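One structure is given here, and the rest of the page talks about it.
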There are 2 protein chains.
Amino acid sequence: MKLSEGVEWGLHCALLIARAPNGTALPRRLLAERHGLPEAYLAKHLQALVRAGLLQAAPGPTGGFRLARSANQITVLDIVEAIEGSDSPFVCQEIRQRGTGAAPPEACRRPCAIASVMVQAHQAWRESLRTVTLDQLDRRVPQINRE
Amino acid sequence: MKLSEGVEWGLHCALLIARAPNGTALPRRLLAERHGLPEAYLAKHLQALVRAGLLQAAPGPTGGFRLARSANQITVLDIVEAIEGSDSPFVCQEIRQRGTGAAPPEACRRPCAIASVMVQAHQAWRESLRTVTLDQLDRRVPQINRE
């Protein structure tokens, strides 16, 4: 079970963008260079953040990315799921309905209790990420870098 | 981010084993047939549960698998981590130390706040799975099958 490296990239880039003075749009190249990331591959993740309504892409020579809403309206969960998707890592194959011990369909109208326990844990994970906004993250990460 | 299908197999098999009357050892073939699972591949996951001290393997013609401790002493988390490992799905590549905006090593003695938020969410996921024992799962899953 692994999250893509794009999640780390997306979170750090969103933080850089949130810190840009006066909402200046930050170009893709600058975002890539700041953390030594491959620009073409980073582009894919930035586009995912735009599609999710978290970033705005400003076109033109002075263009780049800025936040689409304020940093206290964007959660870590928003960014993680924009890049990774929101599916639970547990995929129920309904093996309770297979083999010599198969439960009949009428006994399987409700989700399997095993799947439910796994879904509940995924919700706990989501809730934990939902409680932290980009704004709060900004205050937790030292602002060492030049802006 | 996906859990291996072995997690579902391991949970269902542990439940069948927990339900075996008088702690009878259940043979690998029976476990595979009950849920229509490939026996050779299931063997790998059963061995992982033995290595983690959750199952005991009884050898010989009447052999098979039984619980290594009582069902109220085995949590869903125990089974999931025996099969999947306990690593956080978020792997921090320390990109804060890379690129033109790299933070100096002395500023990176503590874990990155972004990594910490992700670790905290993983702990919430683990805690949720730790609160459910095999015993409790047994009461939640209907006992439709013949034992």
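If you're wondering about the labels, chains in the structure tokens are A, B, ... by order shown, residues count from 1 in each chain, ligands from 1 in order shown.
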
Review point. Segment 42-111 of chain B: which residues are strand (DSSP E) by DSSP, as number ranges by chain?
Key: B: 55-58, 64-67

Using only N, CA and C atoms, please write the residues we just selected to a file, as a JSON list (two decimals), in the first residue's frame.
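Result file selection.json:
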```json
[["chain", "number", "residue", "atom", "x", "y", "z"],
["B", 55, "LEU", "N", -1.46, -17.46, 13.80],
["B", 55, "LEU", "CA", -1.93, -18.83, 13.56],
["B", 55, "LEU", "C", -0.83, -19.81, 13.96],
["B", 56, "GLN", "N", -1.28, -21.03, 14.27],
["B", 56, "GLN", "CA", -0.36, -22.15, 14.48],
["B", 56, "GLN", "C", -0.59, -23.14, 13.36],
["B", 57, "ALA", "N", 0.49, -23.68, 12.81],
["B", 57, "ALA", "CA", 0.36, -24.70, 11.77],
["B", 57, "ALA", "C", 0.54, -26.06, 12.42],
["B", 58, "ALA", "N", -0.50, -26.90, 12.37],
["B", 58, "ALA", "CA", -0.39, -28.27, 12.90],
["B", 58, "ALA", "C", -0.03, -29.19, 11.75],
["B", 64, "GLY", "N", -3.34, -28.66, 9.87],
["B", 64, "GLY", "CA", -3.96, -27.47, 9.31],
["B", 64, "GLY", "C", -3.64, -26.28, 10.17],
["B", 65, "PHE", "N", -4.53, -25.33, 10.20],
["B", 65, "PHE", "CA", -4.28, -24.08, 10.92],
["B", 65, "PHE", "C", -5.30, -23.86, 12.02],
["B", 66, "ARG", "N", -4.81, -23.44, 13.17],
["B", 66, "ARG", "CA", -5.69, -22.98, 14.24],
["B", 66, "ARG", "C", -5.15, -21.65, 14.77],
["B", 67, "LEU", "N", -5.95, -20.96, 15.56],
["B", 67, "LEU", "CA", -5.48, -19.68, 16.12],
["B", 67, "LEU", "C", -4.35, -19.92, 17.11]]
```

Return as CSV the residues of chain B lying at most 8 Å from chain A, together with the closest atom-to-atom pair for each and the distance in Å to one decimal, counting only C-alpha atoms, with rows in chain order and ascending residue number.
```
residue,atom,partner,partner_atom,distance
B:Met1,CA,A:Lys2,CA,4.9
B:Lys2,CA,A:Pro89,CA,4.1
B:Leu3,CA,A:Met1,CA,5.1
B:Ser4,CA,A:Met1,CA,7.5
B:Glu5,CA,A:Val91,CA,7.4
B:Glu8,CA,A:Cys92,CA,7.0
B:Trp9,CA,A:Ile95,CA,7.8
B:Leu11,CA,A:Ile114,CA,7.3
B:His12,CA,A:Ile114,CA,7.8
B:Glu33,CA,A:Gly99,CA,5.5
B:Arg34,CA,A:Gly101,CA,4.5
B:His35,CA,A:Gly99,CA,4.2
B:Gly36,CA,A:Gly99,CA,3.8
B:Leu37,CA,A:Gly99,CA,7.5
B:Glu84,CA,A:Met1,CA,7.4
B:Ser88,CA,A:Lys2,CA,7.6
B:Pro89,CA,A:Lys2,CA,4.1
B:Phe90,CA,A:Leu3,CA,5.4
B:Val91,CA,A:Leu3,CA,7.4
B:Cys92,CA,A:Glu8,CA,7.0
B:Gln93,CA,A:Glu8,CA,7.9
B:Ile95,CA,A:His35,CA,5.6
B:Arg96,CA,A:His35,CA,6.3
B:Gln97,CA,A:His35,CA,7.4
B:Arg98,CA,A:His35,CA,5.0
B:Gly99,CA,A:Gly36,CA,3.8
B:Thr100,CA,A:Arg34,CA,4.6
B:Gly101,CA,A:Arg34,CA,4.6
B:Ala102,CA,A:His35,CA,6.7
B:Ala103,CA,A:Ile144,CA,6.3
B:Cys112,CA,A:Val141,CA,7.1
B:Ala113,CA,A:Val141,CA,5.5
B:Ile114,CA,A:Leu137,CA,7.2
B:Val117,CA,A:Leu129,CA,7.1
B:Met118,CA,A:Leu129,CA,7.3
B:Gln120,CA,A:Ser128,CA,7.2
B:Ala121,CA,A:Trp125,CA,4.8
B:His122,CA,A:Trp125,CA,6.2
B:Gln123,CA,A:Trp125,CA,8.0
B:Ala124,CA,A:Trp125,CA,5.6
B:Trp125,CA,A:Ala121,CA,4.8
B:Arg126,CA,A:Ala121,CA,7.3
B:Glu127,CA,A:Ala121,CA,8.0
B:Ser128,CA,A:Ala121,CA,5.1
B:Leu129,CA,A:Ala121,CA,6.1
B:Val132,CA,A:Val117,CA,7.8
B:Leu137,CA,A:Ala113,CA,7.2
B:Arg140,CA,A:Ala113,CA,6.0
B:Val141,CA,A:Ala113,CA,5.5
B:Ile144,CA,A:Ala103,CA,6.3
B:Asn145,CA,A:Gly101,CA,5.5
B:Arg146,CA,A:Gly101,CA,7.2
```

Return chain A as a compact mmCIF listing (two decimals) with N, CA and C atoms, in the first residue's frame, after superposing it on chain B by a least-squares fit that covers all C-alpha atoms paired in order.
```
# COMPACT_ATOMS: atom_id res chain seq x y z
N MET A 1 -3.06 3.76 -4.25
CA MET A 1 -2.90 3.16 -2.92
C MET A 1 -3.85 1.97 -2.81
N LYS A 2 -3.29 0.77 -2.80
CA LYS A 2 -4.13 -0.43 -2.73
C LYS A 2 -3.55 -1.44 -1.76
N LEU A 3 -4.43 -2.08 -1.01
CA LEU A 3 -4.02 -3.21 -0.19
C LEU A 3 -4.07 -4.46 -1.07
N SER A 4 -3.21 -5.43 -0.79
CA SER A 4 -3.21 -6.65 -1.58
C SER A 4 -4.47 -7.46 -1.28
N GLU A 5 -4.86 -8.28 -2.25
CA GLU A 5 -6.07 -9.10 -2.04
C GLU A 5 -5.86 -10.09 -0.90
N GLY A 6 -4.60 -10.35 -0.56
CA GLY A 6 -4.29 -11.24 0.55
C GLY A 6 -4.89 -10.78 1.87
N VAL A 7 -5.12 -9.47 2.00
CA VAL A 7 -5.71 -8.95 3.24
C VAL A 7 -7.13 -9.48 3.40
N GLU A 8 -7.91 -9.42 2.32
CA GLU A 8 -9.28 -9.96 2.36
C GLU A 8 -9.25 -11.47 2.62
N TRP A 9 -8.35 -12.16 1.94
CA TRP A 9 -8.24 -13.61 2.13
C TRP A 9 -7.88 -13.94 3.58
N GLY A 10 -6.88 -13.23 4.10
CA GLY A 10 -6.40 -13.49 5.46
C GLY A 10 -7.49 -13.26 6.49
N LEU A 11 -8.27 -12.21 6.31
CA LEU A 11 -9.34 -11.90 7.28
C LEU A 11 -10.43 -12.97 7.23
N HIS A 12 -10.86 -13.34 6.03
CA HIS A 12 -11.92 -14.36 5.91
C HIS A 12 -11.42 -15.71 6.43
N CYS A 13 -10.18 -16.07 6.12
CA CYS A 13 -9.65 -17.36 6.59
C CYS A 13 -9.49 -17.37 8.10
N ALA A 14 -9.02 -16.27 8.67
CA ALA A 14 -8.87 -16.20 10.13
C ALA A 14 -10.22 -16.37 10.80
N LEU A 15 -11.25 -15.84 10.16
CA LEU A 15 -12.60 -15.95 10.70
C LEU A 15 -13.09 -17.41 10.64
N LEU A 16 -12.85 -18.07 9.51
CA LEU A 16 -13.22 -19.49 9.40
C LEU A 16 -12.49 -20.30 10.47
N ILE A 17 -11.21 -20.01 10.66
CA ILE A 17 -10.40 -20.76 11.64
C ILE A 17 -10.91 -20.49 13.06
N ALA A 18 -11.28 -19.23 13.32
CA ALA A 18 -11.80 -18.88 14.65
C ALA A 18 -13.10 -19.62 14.94
N ARG A 19 -13.84 -19.95 13.87
CA ARG A 19 -15.15 -20.59 14.03
C ARG A 19 -15.09 -22.12 14.04
N ALA A 20 -13.93 -22.68 13.78
CA ALA A 20 -13.82 -24.14 13.74
C ALA A 20 -14.17 -24.69 15.13
N PRO A 21 -15.08 -25.68 15.18
CA PRO A 21 -15.52 -26.17 16.50
C PRO A 21 -14.37 -26.81 17.28
N ASN A 22 -14.33 -26.53 18.57
CA ASN A 22 -13.32 -27.09 19.48
C ASN A 22 -11.88 -26.86 19.01
N GLY A 23 -11.66 -25.75 18.34
CA GLY A 23 -10.29 -25.43 17.92
C GLY A 23 -9.68 -26.41 16.93
N THR A 24 -10.55 -27.11 16.17
CA THR A 24 -10.05 -28.04 15.14
C THR A 24 -9.15 -27.28 14.17
N ALA A 25 -8.04 -27.91 13.78
CA ALA A 25 -7.16 -27.29 12.77
C ALA A 25 -7.82 -27.42 11.40
N LEU A 26 -7.87 -26.34 10.63
CA LEU A 26 -8.47 -26.39 9.29
C LEU A 26 -7.37 -26.49 8.24
N PRO A 27 -7.46 -27.52 7.38
CA PRO A 27 -6.43 -27.70 6.35
C PRO A 27 -6.47 -26.56 5.33
N ARG A 28 -5.29 -26.33 4.75
CA ARG A 28 -5.13 -25.27 3.75
C ARG A 28 -6.09 -25.45 2.57
N ARG A 29 -6.23 -26.70 2.15
CA ARG A 29 -7.12 -26.97 0.99
C ARG A 29 -8.56 -26.55 1.30
N LEU A 30 -9.02 -26.92 2.49
CA LEU A 30 -10.39 -26.56 2.88
C LEU A 30 -10.55 -25.04 2.90
N LEU A 31 -9.57 -24.34 3.47
CA LEU A 31 -9.65 -22.87 3.53
C LEU A 31 -9.73 -22.28 2.13
N ALA A 32 -8.93 -22.83 1.22
CA ALA A 32 -8.92 -22.33 -0.16
C ALA A 32 -10.26 -22.61 -0.84
N GLU A 33 -10.77 -23.83 -0.65
CA GLU A 33 -12.01 -24.22 -1.32
C GLU A 33 -13.22 -23.44 -0.81
N ARG A 34 -13.22 -23.16 0.48
CA ARG A 34 -14.39 -22.47 1.05
C ARG A 34 -14.68 -21.13 0.40
N HIS A 35 -13.61 -20.39 0.02
CA HIS A 35 -13.82 -19.09 -0.63
C HIS A 35 -13.31 -19.07 -2.08
N GLY A 36 -13.07 -20.27 -2.66
CA GLY A 36 -12.65 -20.33 -4.06
C GLY A 36 -11.33 -19.60 -4.31
N LEU A 37 -10.35 -19.81 -3.42
CA LEU A 37 -9.07 -19.12 -3.55
C LEU A 37 -8.00 -20.08 -4.08
N PRO A 38 -7.00 -19.57 -4.81
CA PRO A 38 -5.91 -20.43 -5.29
C PRO A 38 -5.05 -20.89 -4.11
N GLU A 39 -4.99 -22.21 -3.90
CA GLU A 39 -4.38 -22.74 -2.67
C GLU A 39 -2.90 -22.36 -2.52
N ALA A 40 -2.15 -22.44 -3.62
CA ALA A 40 -0.70 -22.19 -3.52
C ALA A 40 -0.44 -20.74 -3.12
N TYR A 41 -1.24 -19.84 -3.62
CA TYR A 41 -1.05 -18.43 -3.34
C TYR A 41 -1.55 -18.09 -1.94
N LEU A 42 -2.63 -18.76 -1.55
CA LEU A 42 -3.16 -18.56 -0.19
C LEU A 42 -2.12 -19.00 0.85
N ALA A 43 -1.37 -20.07 0.51
CA ALA A 43 -0.37 -20.64 1.43
C ALA A 43 0.60 -19.55 1.92
N LYS A 44 0.99 -18.70 1.00
CA LYS A 44 1.93 -17.60 1.30
C LYS A 44 1.37 -16.71 2.42
N HIS A 45 0.08 -16.41 2.31
CA HIS A 45 -0.54 -15.51 3.29
C HIS A 45 -0.75 -16.22 4.63
N LEU A 46 -1.09 -17.50 4.58
CA LEU A 46 -1.25 -18.26 5.83
C LEU A 46 0.08 -18.33 6.56
N GLN A 47 1.16 -18.52 5.80
CA GLN A 47 2.49 -18.56 6.41
C GLN A 47 2.83 -17.22 7.07
N ALA A 48 2.41 -16.13 6.44
CA ALA A 48 2.65 -14.80 7.02
C ALA A 48 1.92 -14.67 8.36
N LEU A 49 0.72 -15.24 8.43
CA LEU A 49 -0.05 -15.18 9.69
C LEU A 49 0.60 -16.06 10.77
N VAL A 50 1.21 -17.17 10.32
CA VAL A 50 1.95 -18.02 11.27
C VAL A 50 3.18 -17.27 11.78
N ARG A 51 3.93 -16.69 10.85
CA ARG A 51 5.16 -15.96 11.23
C ARG A 51 4.85 -14.83 12.22
N ALA A 52 3.67 -14.22 12.06
CA ALA A 52 3.30 -13.11 12.94
C ALA A 52 2.76 -13.59 14.29
N GLY A 53 2.70 -14.91 14.47
CA GLY A 53 2.25 -15.46 15.75
C GLY A 53 0.73 -15.40 15.92
N LEU A 54 0.00 -15.34 14.81
CA LEU A 54 -1.47 -15.27 14.88
C LEU A 54 -2.09 -16.65 14.66
N LEU A 55 -1.45 -17.46 13.82
CA LEU A 55 -1.92 -18.84 13.56
C LEU A 55 -0.83 -19.81 13.97
N GLN A 56 -1.28 -21.04 14.28
CA GLN A 56 -0.35 -22.16 14.49
C GLN A 56 -0.58 -23.16 13.37
N ALA A 57 0.50 -23.68 12.81
CA ALA A 57 0.36 -24.71 11.77
C ALA A 57 0.55 -26.07 12.43
N ALA A 58 -0.50 -26.90 12.38
CA ALA A 58 -0.40 -28.26 12.91
C ALA A 58 -0.04 -29.19 11.76
N PRO A 59 1.08 -29.93 11.86
CA PRO A 59 1.50 -30.78 10.74
C PRO A 59 0.72 -32.10 10.69
N GLY A 60 1.00 -32.87 9.63
CA GLY A 60 0.44 -34.22 9.53
C GLY A 60 -0.87 -34.26 8.76
N PRO A 61 -1.38 -35.50 8.56
CA PRO A 61 -2.58 -35.71 7.73
C PRO A 61 -3.83 -35.04 8.31
N THR A 62 -3.90 -34.90 9.63
CA THR A 62 -5.05 -34.21 10.21
C THR A 62 -4.70 -32.76 10.55
N GLY A 63 -3.59 -32.32 9.96
CA GLY A 63 -3.07 -30.99 10.30
C GLY A 63 -3.83 -29.87 9.62
N GLY A 64 -3.35 -28.67 9.88
CA GLY A 64 -3.98 -27.48 9.31
C GLY A 64 -3.63 -26.29 10.17
N PHE A 65 -4.53 -25.33 10.20
CA PHE A 65 -4.27 -24.08 10.93
C PHE A 65 -5.30 -23.86 12.02
N ARG A 66 -4.80 -23.44 13.17
CA ARG A 66 -5.69 -22.97 14.24
C ARG A 66 -5.15 -21.65 14.77
N LEU A 67 -5.95 -20.96 15.58
CA LEU A 67 -5.49 -19.69 16.13
C LEU A 67 -4.36 -19.93 17.12
N ALA A 68 -3.36 -19.04 17.12
CA ALA A 68 -2.24 -19.16 18.06
C ALA A 68 -2.58 -18.52 19.40
N ARG A 69 -3.59 -17.66 19.41
CA ARG A 69 -4.10 -17.12 20.67
C ARG A 69 -5.60 -16.90 20.51
N SER A 70 -6.26 -16.54 21.59
CA SER A 70 -7.72 -16.49 21.50
C SER A 70 -8.18 -15.33 20.61
N ALA A 71 -9.38 -15.49 20.06
CA ALA A 71 -9.90 -14.55 19.05
C ALA A 71 -10.06 -13.14 19.61
N ASN A 72 -10.18 -13.02 20.91
CA ASN A 72 -10.30 -11.65 21.46
C ASN A 72 -8.92 -11.03 21.72
N GLN A 73 -7.87 -11.77 21.39
CA GLN A 73 -6.49 -11.26 21.50
C GLN A 73 -5.87 -11.02 20.13
N ILE A 74 -6.68 -11.13 19.11
CA ILE A 74 -6.19 -10.89 17.73
C ILE A 74 -7.03 -9.76 17.14
N THR A 75 -6.38 -8.71 16.71
CA THR A 75 -7.14 -7.60 16.11
C THR A 75 -7.07 -7.66 14.58
N VAL A 76 -7.99 -6.93 13.96
CA VAL A 76 -7.97 -6.82 12.49
C VAL A 76 -6.63 -6.23 12.06
N LEU A 77 -6.12 -5.26 12.84
CA LEU A 77 -4.82 -4.66 12.51
C LEU A 77 -3.71 -5.72 12.49
N ASP A 78 -3.72 -6.63 13.48
CA ASP A 78 -2.71 -7.70 13.50
C ASP A 78 -2.69 -8.46 12.18
N ILE A 79 -3.88 -8.82 11.70
CA ILE A 79 -3.98 -9.63 10.48
C ILE A 79 -3.56 -8.81 9.26
N VAL A 80 -4.07 -7.56 9.19
CA VAL A 80 -3.75 -6.70 8.04
C VAL A 80 -2.24 -6.47 7.96
N GLU A 81 -1.62 -6.17 9.11
CA GLU A 81 -0.18 -5.85 9.06
C GLU A 81 0.69 -7.10 8.88
N ALA A 82 0.20 -8.26 9.33
CA ALA A 82 0.95 -9.50 9.10
C ALA A 82 1.09 -9.73 7.59
N ILE A 83 0.06 -9.37 6.85
CA ILE A 83 0.05 -9.62 5.41
C ILE A 83 0.62 -8.45 4.61
N GLU A 84 0.30 -7.25 5.04
CA GLU A 84 0.63 -6.07 4.24
C GLU A 84 1.88 -5.35 4.74
N GLY A 85 2.31 -5.63 5.95
CA GLY A 85 3.40 -4.85 6.54
C GLY A 85 2.83 -3.63 7.24
N SER A 86 3.69 -2.94 8.00
CA SER A 86 3.18 -1.84 8.81
C SER A 86 3.66 -0.47 8.35
N ASP A 87 4.29 -0.43 7.18
CA ASP A 87 4.78 0.86 6.69
C ASP A 87 3.65 1.82 6.38
N SER A 88 3.88 3.10 6.63
CA SER A 88 2.92 4.12 6.22
C SER A 88 2.88 4.17 4.69
N PRO A 89 1.69 4.39 4.12
CA PRO A 89 1.62 4.48 2.65
C PRO A 89 2.31 5.74 2.10
N PHE A 90 2.55 6.71 2.98
CA PHE A 90 3.24 7.93 2.54
C PHE A 90 4.73 7.76 2.77
N VAL A 91 5.50 7.82 1.70
CA VAL A 91 6.95 7.70 1.82
C VAL A 91 7.55 9.09 1.60
N CYS A 92 8.11 9.67 2.66
CA CYS A 92 8.68 11.02 2.58
C CYS A 92 10.05 10.95 1.89
N GLN A 93 10.16 11.64 0.76
CA GLN A 93 11.43 11.65 0.01
C GLN A 93 12.29 12.84 0.40
N GLU A 94 11.88 13.55 1.44
CA GLU A 94 12.64 14.71 1.92
C GLU A 94 12.90 15.72 0.79
N ILE A 95 11.89 16.02 0.02
CA ILE A 95 12.11 16.98 -1.07
C ILE A 95 12.34 18.38 -0.52
N ARG A 96 12.06 18.57 0.78
CA ARG A 96 12.36 19.88 1.37
C ARG A 96 13.87 20.16 1.35
N GLN A 97 14.68 19.10 1.21
CA GLN A 97 16.14 19.26 1.21
C GLN A 97 16.71 19.28 -0.21
N ARG A 98 15.82 19.36 -1.19
CA ARG A 98 16.28 19.31 -2.59
C ARG A 98 15.96 20.59 -3.31
N GLY A 99 16.66 20.83 -4.42
CA GLY A 99 16.33 21.95 -5.32
C GLY A 99 16.85 23.28 -4.83
N THR A 100 16.45 24.35 -5.54
CA THR A 100 16.96 25.70 -5.24
C THR A 100 16.43 26.22 -3.90
N GLY A 101 15.34 25.64 -3.41
CA GLY A 101 14.77 26.10 -2.14
C GLY A 101 15.12 25.18 -0.98
N ALA A 102 16.16 24.35 -1.16
CA ALA A 102 16.50 23.33 -0.16
C ALA A 102 16.71 23.93 1.23
N ALA A 103 16.06 23.35 2.20
CA ALA A 103 16.28 23.75 3.60
C ALA A 103 17.61 23.14 4.05
N PRO A 104 18.41 23.87 4.86
CA PRO A 104 19.68 23.33 5.32
C PRO A 104 19.45 22.17 6.30
N PRO A 105 20.41 21.22 6.37
CA PRO A 105 20.24 20.04 7.23
C PRO A 105 19.86 20.39 8.66
N GLU A 106 20.43 21.49 9.20
CA GLU A 106 20.14 21.84 10.60
C GLU A 106 18.68 22.23 10.80
N ALA A 107 17.99 22.59 9.71
CA ALA A 107 16.56 22.93 9.82
C ALA A 107 15.68 21.69 9.64
N CYS A 108 16.33 20.56 9.39
CA CYS A 108 15.57 19.34 9.06
C CYS A 108 15.79 18.24 10.08
N ARG A 109 16.14 18.63 11.29
CA ARG A 109 16.37 17.59 12.32
C ARG A 109 15.05 16.95 12.73
N ARG A 110 13.98 17.73 12.72
CA ARG A 110 12.66 17.16 13.04
C ARG A 110 11.97 16.73 11.76
N PRO A 111 11.08 15.74 11.84
CA PRO A 111 10.39 15.31 10.62
C PRO A 111 9.63 16.48 10.00
N CYS A 112 9.53 16.46 8.70
CA CYS A 112 8.78 17.47 7.95
C CYS A 112 7.32 17.46 8.43
N ALA A 113 6.74 18.65 8.59
CA ALA A 113 5.36 18.74 9.09
C ALA A 113 4.38 18.05 8.13
N ILE A 114 4.71 18.06 6.85
CA ILE A 114 3.84 17.39 5.87
C ILE A 114 3.86 15.87 6.13
N ALA A 115 5.07 15.33 6.31
CA ALA A 115 5.18 13.89 6.61
C ALA A 115 4.47 13.57 7.92
N SER A 116 4.57 14.47 8.90
CA SER A 116 3.94 14.22 10.21
C SER A 116 2.42 14.12 10.09
N VAL A 117 1.83 14.99 9.27
CA VAL A 117 0.38 14.95 9.06
C VAL A 117 -0.02 13.61 8.42
N MET A 118 0.79 13.15 7.49
CA MET A 118 0.48 11.88 6.82
C MET A 118 0.65 10.70 7.78
N VAL A 119 1.67 10.76 8.63
CA VAL A 119 1.90 9.69 9.61
C VAL A 119 0.74 9.65 10.61
N GLN A 120 0.27 10.82 11.01
CA GLN A 120 -0.84 10.92 11.96
C GLN A 120 -2.10 10.25 11.37
N ALA A 121 -2.34 10.47 10.10
CA ALA A 121 -3.51 9.84 9.44
C ALA A 121 -3.34 8.33 9.40
N HIS A 122 -2.11 7.89 9.15
CA HIS A 122 -1.85 6.44 9.14
C HIS A 122 -2.11 5.84 10.53
N GLN A 123 -1.74 6.59 11.56
CA GLN A 123 -2.00 6.12 12.93
C GLN A 123 -3.50 6.04 13.20
N ALA A 124 -4.26 6.99 12.66
CA ALA A 124 -5.73 6.97 12.84
C ALA A 124 -6.31 5.72 12.17
N TRP A 125 -5.78 5.38 11.01
CA TRP A 125 -6.20 4.17 10.27
C TRP A 125 -5.87 2.93 11.09
N ARG A 126 -4.65 2.89 11.62
CA ARG A 126 -4.22 1.74 12.44
C ARG A 126 -5.09 1.62 13.69
N GLU A 127 -5.34 2.75 14.33
CA GLU A 127 -6.14 2.73 15.56
C GLU A 127 -7.53 2.17 15.30
N SER A 128 -8.10 2.57 14.17
CA SER A 128 -9.44 2.10 13.82
C SER A 128 -9.46 0.58 13.66
N LEU A 129 -8.43 0.03 13.02
CA LEU A 129 -8.36 -1.43 12.82
C LEU A 129 -7.99 -2.16 14.11
N ARG A 130 -7.30 -1.45 14.99
CA ARG A 130 -6.88 -2.07 16.25
C ARG A 130 -8.05 -2.24 17.21
N THR A 131 -9.12 -1.45 17.00
CA THR A 131 -10.25 -1.51 17.94
C THR A 131 -11.17 -2.71 17.69
N VAL A 132 -10.96 -3.40 16.56
CA VAL A 132 -11.85 -4.54 16.23
C VAL A 132 -11.07 -5.84 16.36
N THR A 133 -11.53 -6.71 17.26
CA THR A 133 -10.88 -8.02 17.40
C THR A 133 -11.57 -9.04 16.49
N LEU A 134 -10.89 -10.15 16.29
CA LEU A 134 -11.42 -11.24 15.48
C LEU A 134 -12.72 -11.76 16.09
N ASP A 135 -12.73 -11.75 17.40
CA ASP A 135 -13.89 -12.14 18.17
C ASP A 135 -15.11 -11.26 17.85
N GLN A 136 -14.89 -9.95 17.82
CA GLN A 136 -15.96 -9.01 17.50
C GLN A 136 -16.40 -9.17 16.03
N LEU A 137 -15.43 -9.37 15.16
CA LEU A 137 -15.73 -9.55 13.74
C LEU A 137 -16.61 -10.79 13.57
N ASP A 138 -16.30 -11.81 14.32
CA ASP A 138 -17.05 -13.06 14.29
C ASP A 138 -18.54 -12.79 14.56
N ARG A 139 -18.80 -11.89 15.52
CA ARG A 139 -20.20 -11.60 15.85
C ARG A 139 -20.88 -10.73 14.79
N ARG A 140 -20.05 -9.99 14.01
CA ARG A 140 -20.65 -9.11 12.99
C ARG A 140 -20.93 -9.83 11.67
N VAL A 141 -20.14 -10.86 11.35
CA VAL A 141 -20.32 -11.55 10.07
C VAL A 141 -21.31 -12.70 10.27
N PRO A 142 -22.42 -12.73 9.49
CA PRO A 142 -23.40 -13.80 9.67
C PRO A 142 -22.76 -15.17 9.45
N GLN A 143 -23.13 -16.11 10.29
CA GLN A 143 -22.55 -17.45 10.22
C GLN A 143 -23.43 -18.32 9.32
N ILE A 144 -23.32 -18.07 8.02
CA ILE A 144 -24.19 -18.75 7.06
C ILE A 144 -23.65 -20.13 6.73
N ASN A 145 -22.33 -20.17 6.63
CA ASN A 145 -21.69 -21.38 6.12
C ASN A 145 -21.71 -22.52 7.12
N ARG A 146 -21.72 -23.72 6.58
CA ARG A 146 -21.53 -24.89 7.42
C ARG A 146 -20.12 -24.87 7.99
N GLU A 147 -19.97 -25.35 9.22
CA GLU A 147 -18.61 -25.39 9.80
C GLU A 147 -18.08 -26.81 9.80
```

Point to revise | All helix (DSSP H, G or I) positions in chain B, as an NGL selection string | key: :B and (5-19 or 21-23 or 28-34 or 39-51 or 71-73 or 76-84 or 95-97 or 105-108 or 113-130 or 134-140)
